[in-house]
Amino acid sequence: MPLLRYPVSLALVLVALLATIGVFIFARPQYRPAVQRTIDMSTRHHYTSAEVQRVFAAHGLPLTYARHMGKGDSYLLVLYEMPGINPTTQLYVHLAGPATKVDWGPKDETSWEQRSANLEIHYGGPNELMLAQVKAAASELR
């Protein structure tokens, strides 16, 4: 048998092969999703779209565009300032209906976000003056 003529080499190859298999079996990364929780909006204070639009307009931020998803009291309304939503830099407000169950997902660490009552307020732009206006309006909606 030709393999038995070189027992040290054979042992080294087997050890290297077993070590490689061990790395792939025991040291592989595992997916661990972020802990999220579903929120029942029927138990929270409910702001209407008119209230949210009035507060933001009072701070110079008219939310004149909207996208409605869902029906009845189970809906999600997105209010935003410009047509064509850009989720990374634009100001937008998610407004959940009173019978909606939502999971806002993980917070965007690159933008400013506030979640309160039935709202998620998001601004990711570079304008510091606008961010101050957004924070002022959001503080009235706590």
# chains A, B, ... in the order shown; residues from 1 in each chain; ligands from 1
$ residues_around --residues "segment 29-40 of chain A" --least-positions-apart "4" --cutoff "6 Å" --atoms "only C-alpha atoms" --output "ChimeraX atom specification"
/A:101-103
$ residues_around --residues "Gln133 of chain A" --least-positions-apart "2" --cutoff "9 Å" --atoms "only C-alpha atoms" --output "mmCIF file with N, CA and C atoms, in the first residue's frame"
data_model
loop_
_atom_site.group_PDB
_atom_site.id
_atom_site.type_symbol
_atom_site.label_atom_id
_atom_site.label_comp_id
_atom_site.auth_asym_id
_atom_site.auth_seq_id
_atom_site.Cartn_x
_atom_site.Cartn_y
_atom_site.Cartn_z
ATOM 1 N N PHE A 56 -46.402 69.606 12.481
ATOM 2 C CA PHE A 56 -45.225 69.786 11.640
ATOM 3 C C PHE A 56 -45.310 71.069 10.823
ATOM 4 N N HIS A 59 -44.166 74.108 12.589
ATOM 5 C CA HIS A 59 -42.704 74.207 12.699
ATOM 6 C C HIS A 59 -42.041 74.384 11.334
ATOM 7 N N GLY A 60 -42.838 74.723 10.323
ATOM 8 C CA GLY A 60 -42.297 74.995 8.996
ATOM 9 C C GLY A 60 -41.990 73.755 8.174
ATOM 10 N N LEU A 61 -42.606 72.644 8.521
ATOM 11 C CA LEU A 61 -42.363 71.389 7.813
ATOM 12 C C LEU A 61 -43.696 70.810 7.319
ATOM 13 N N GLU A 128 -28.942 70.627 9.699
ATOM 14 C CA GLU A 128 -29.070 70.720 11.165
ATOM 15 C C GLU A 128 -30.255 71.588 11.583
ATOM 16 N N LEU A 129 -30.550 72.651 10.815
ATOM 17 C CA LEU A 129 -31.700 73.504 11.130
ATOM 18 C C LEU A 129 -32.995 72.717 10.983
ATOM 19 N N MET A 130 -33.084 71.932 9.918
ATOM 20 C CA MET A 130 -34.280 71.116 9.710
ATOM 21 C C MET A 130 -34.391 70.041 10.790
ATOM 22 N N LEU A 131 -33.279 69.463 11.190
ATOM 23 C CA LEU A 131 -33.297 68.461 12.261
ATOM 24 C C LEU A 131 -33.824 69.082 13.554
ATOM 25 N N LYS A 135 -37.124 67.819 15.528
ATOM 26 C CA LYS A 135 -37.102 67.466 16.953
ATOM 27 C C LYS A 135 -38.108 68.296 17.754
ATOM 28 N N ALA A 136 -38.266 69.562 17.403
ATOM 29 C CA ALA A 136 -39.238 70.421 18.097
ATOM 30 C C ALA A 136 -40.653 69.922 17.842
ATOM 31 N N ALA A 137 -40.952 69.579 16.603
ATOM 32 C CA ALA A 137 -42.286 69.071 16.288
ATOM 33 C C ALA A 137 -42.518 67.725 16.963
ATOM 34 N N ALA A 138 -41.507 66.872 16.958
ATOM 35 C CA ALA A 138 -41.634 65.543 17.561
ATOM 36 C C ALA A 138 -41.846 65.638 19.074
#
$ closest_residue --among "A:Gly70, A:Leu95, A:Asp108, A:Gln90" --to "Glu120 of chain A" --atoms "only C-alpha atoms"
A:Leu95
$ residues_around --residues "Val134 of chain A" --least-positions-apart "5" --cutoff "12 Å" --atoms "only C-alpha atoms" --output "list in words"
Val52, Val55, Phe56, Ala57, Ala58, His59, Gly60, Leu61, Pro62, Leu63, Glu81, Gln90, Leu91, Tyr92, Val93, Trp112, Glu113, Gln114, Ile121, His122, Tyr123, Gly124, Gly125, Asn127, Glu128, Leu129, Ser139, Glu140 and Leu141 of chain A
$ select_by_dssp --residues "segment 16-95 of chain A" --states "strand (DSSP E or B)" --output "PyMOL selection string"
chain A and resi 39-40+65-71+74-80+92-95
$ atom_distance --atom1 "atom CA of Arg142 of chain A" --atom2 "atom CA of Leu79 of chain A"
17.3 Å
$ select_by_dssp --residues "chain A" --states "helix (DSSP H, G or I)" --output "count of residues only"
49
$ residues_around --residues "Ala99 of chain A" --least-positions-apart "4" --cutoff "12 Å" --atoms "only C-alpha atoms" --output "PyMOL selection string"
chain A and resi 39-46+70-76+95+118
$ atom_distance --atom1 "atom CA of Ala117 of chain A" --atom2 "atom CA of Thr100 of chain A"
12.3 Å
$ closest_residue --among "A:Pro2, A:Gly22, A:Pro7, A:Pro126" --to "Thr110 of chain A" --atoms "only C-alpha atoms"
A:Pro126
$ decode --residues "segment 83-110 of chain A" --atoms "N, CA, C and O atoms" --output "CSV table (one decimal), in the first residue's frame"
chain,number,residue,atom,x,y,z
A,83,PRO,N,-42.6,64.6,-3.0
A,83,PRO,CA,-43.0,63.4,-3.7
A,83,PRO,C,-41.9,62.4,-3.9
A,83,PRO,O,-40.7,62.9,-4.1
A,84,GLY,N,-42.1,61.2,-3.9
A,84,GLY,CA,-41.0,60.2,-4.1
A,84,GLY,C,-40.2,60.0,-2.8
A,84,GLY,O,-39.3,60.8,-2.6
A,85,ILE,N,-40.6,59.1,-2.0
A,85,ILE,CA,-39.9,58.9,-0.7
A,85,ILE,C,-38.5,58.4,-0.9
A,85,ILE,O,-38.2,57.5,-1.6
A,86,ASN,N,-37.6,59.0,-0.2
A,86,ASN,CA,-36.2,58.6,-0.1
A,86,ASN,C,-35.9,58.2,1.4
A,86,ASN,O,-35.7,59.1,2.2
A,87,PRO,N,-36.0,57.0,1.7
A,87,PRO,CA,-35.9,56.6,3.1
A,87,PRO,C,-34.6,56.9,3.9
A,87,PRO,O,-34.6,56.9,5.1
A,88,THR,N,-33.6,57.2,3.2
A,88,THR,CA,-32.3,57.5,3.9
A,88,THR,C,-32.2,58.9,4.3
A,88,THR,O,-31.6,59.2,5.4
A,89,THR,N,-32.7,59.9,3.5
A,89,THR,CA,-32.4,61.3,3.9
A,89,THR,C,-33.7,62.1,4.1
A,89,THR,O,-33.6,63.2,4.6
A,90,GLN,N,-34.8,61.6,3.8
A,90,GLN,CA,-36.0,62.4,3.8
A,90,GLN,C,-36.7,62.4,5.2
A,90,GLN,O,-36.5,61.4,5.9
A,91,LEU,N,-37.5,63.4,5.4
A,91,LEU,CA,-38.3,63.4,6.6
A,91,LEU,C,-39.6,62.7,6.2
A,91,LEU,O,-40.2,62.9,5.2
A,92,TYR,N,-39.9,61.7,7.1
A,92,TYR,CA,-41.2,61.0,6.9
A,92,TYR,C,-41.8,60.6,8.3
A,92,TYR,O,-41.0,60.4,9.2
A,93,VAL,N,-43.1,60.4,8.3
A,93,VAL,CA,-43.7,60.0,9.6
A,93,VAL,C,-44.6,58.8,9.2
A,93,VAL,O,-45.5,58.9,8.4
A,94,HIS,N,-44.4,57.7,9.9
A,94,HIS,CA,-45.3,56.5,9.8
A,94,HIS,C,-46.3,56.7,10.9
A,94,HIS,O,-46.0,57.0,12.1
A,95,LEU,N,-47.6,56.6,10.5
A,95,LEU,CA,-48.7,56.8,11.4
A,95,LEU,C,-49.5,55.5,11.3
A,95,LEU,O,-50.0,55.2,10.3
A,96,ALA,N,-49.6,54.7,12.4
A,96,ALA,CA,-50.3,53.5,12.4
A,96,ALA,C,-51.7,53.7,12.9
A,96,ALA,O,-52.0,54.4,13.8
A,97,GLY,N,-52.7,52.9,12.3
A,97,GLY,CA,-54.1,53.0,12.7
A,97,GLY,C,-54.3,52.3,14.0
A,97,GLY,O,-53.5,51.6,14.5
A,98,PRO,N,-55.5,52.6,14.6
A,98,PRO,CA,-55.8,52.1,16.0
A,98,PRO,C,-55.9,50.6,16.1
A,98,PRO,O,-55.7,50.1,17.2
A,99,ALA,N,-56.2,49.9,15.0
A,99,ALA,CA,-56.3,48.4,15.1
A,99,ALA,C,-55.1,47.7,14.5
A,99,ALA,O,-55.1,46.5,14.3
A,100,THR,N,-54.0,48.5,14.3
A,100,THR,CA,-52.8,47.9,13.6
A,100,THR,C,-51.8,47.3,14.7
A,100,THR,O,-51.7,47.8,15.8
A,101,LYS,N,-51.2,46.3,14.2
A,101,LYS,CA,-50.1,45.7,15.0
A,101,LYS,C,-48.8,45.9,14.2
A,101,LYS,O,-48.8,45.4,13.0
A,102,VAL,N,-47.8,46.6,14.7
A,102,VAL,CA,-46.7,46.9,13.9
A,102,VAL,C,-45.4,46.4,14.6
A,102,VAL,O,-45.3,46.2,15.8
A,103,ASP,N,-44.4,46.2,13.8
A,103,ASP,CA,-43.0,46.0,14.3
A,103,ASP,C,-42.2,47.0,13.5
A,103,ASP,O,-42.0,46.8,12.3
A,104,TRP,N,-41.7,48.0,14.2
A,104,TRP,CA,-41.0,49.1,13.5
A,104,TRP,C,-39.7,48.6,13.0
A,104,TRP,O,-39.0,49.2,12.1
A,105,GLY,N,-39.2,47.5,13.5
A,105,GLY,CA,-37.9,46.9,13.0
A,105,GLY,C,-36.8,47.6,13.8
A,105,GLY,O,-37.0,48.4,14.7
A,106,PRO,N,-35.5,47.3,13.4
A,106,PRO,CA,-34.4,47.9,14.2
A,106,PRO,C,-34.3,49.4,13.8
A,106,PRO,O,-34.6,49.8,12.7
A,107,LYS,N,-33.8,50.1,14.8
A,107,LYS,CA,-33.6,51.6,14.6
A,107,LYS,C,-32.5,51.8,13.6
A,107,LYS,O,-31.5,51.1,13.5
A,108,ASP,N,-32.7,52.8,12.8
A,108,ASP,CA,-31.7,53.3,11.8
A,108,ASP,C,-30.6,54.1,12.5
A,108,ASP,O,-30.9,55.2,13.0
A,109,GLU,N,-29.5,53.6,12.7
A,109,GLU,CA,-28.4,54.3,13.5
A,109,GLU,C,-27.8,55.4,12.8
A,109,GLU,O,-27.1,56.2,13.4
A,110,THR,N,-28.0,55.6,11.5
A,110,THR,CA,-27.4,56.6,10.7
A,110,THR,C,-28.3,57.9,10.6
A,110,THR,O,-28.0,58.9,10.0
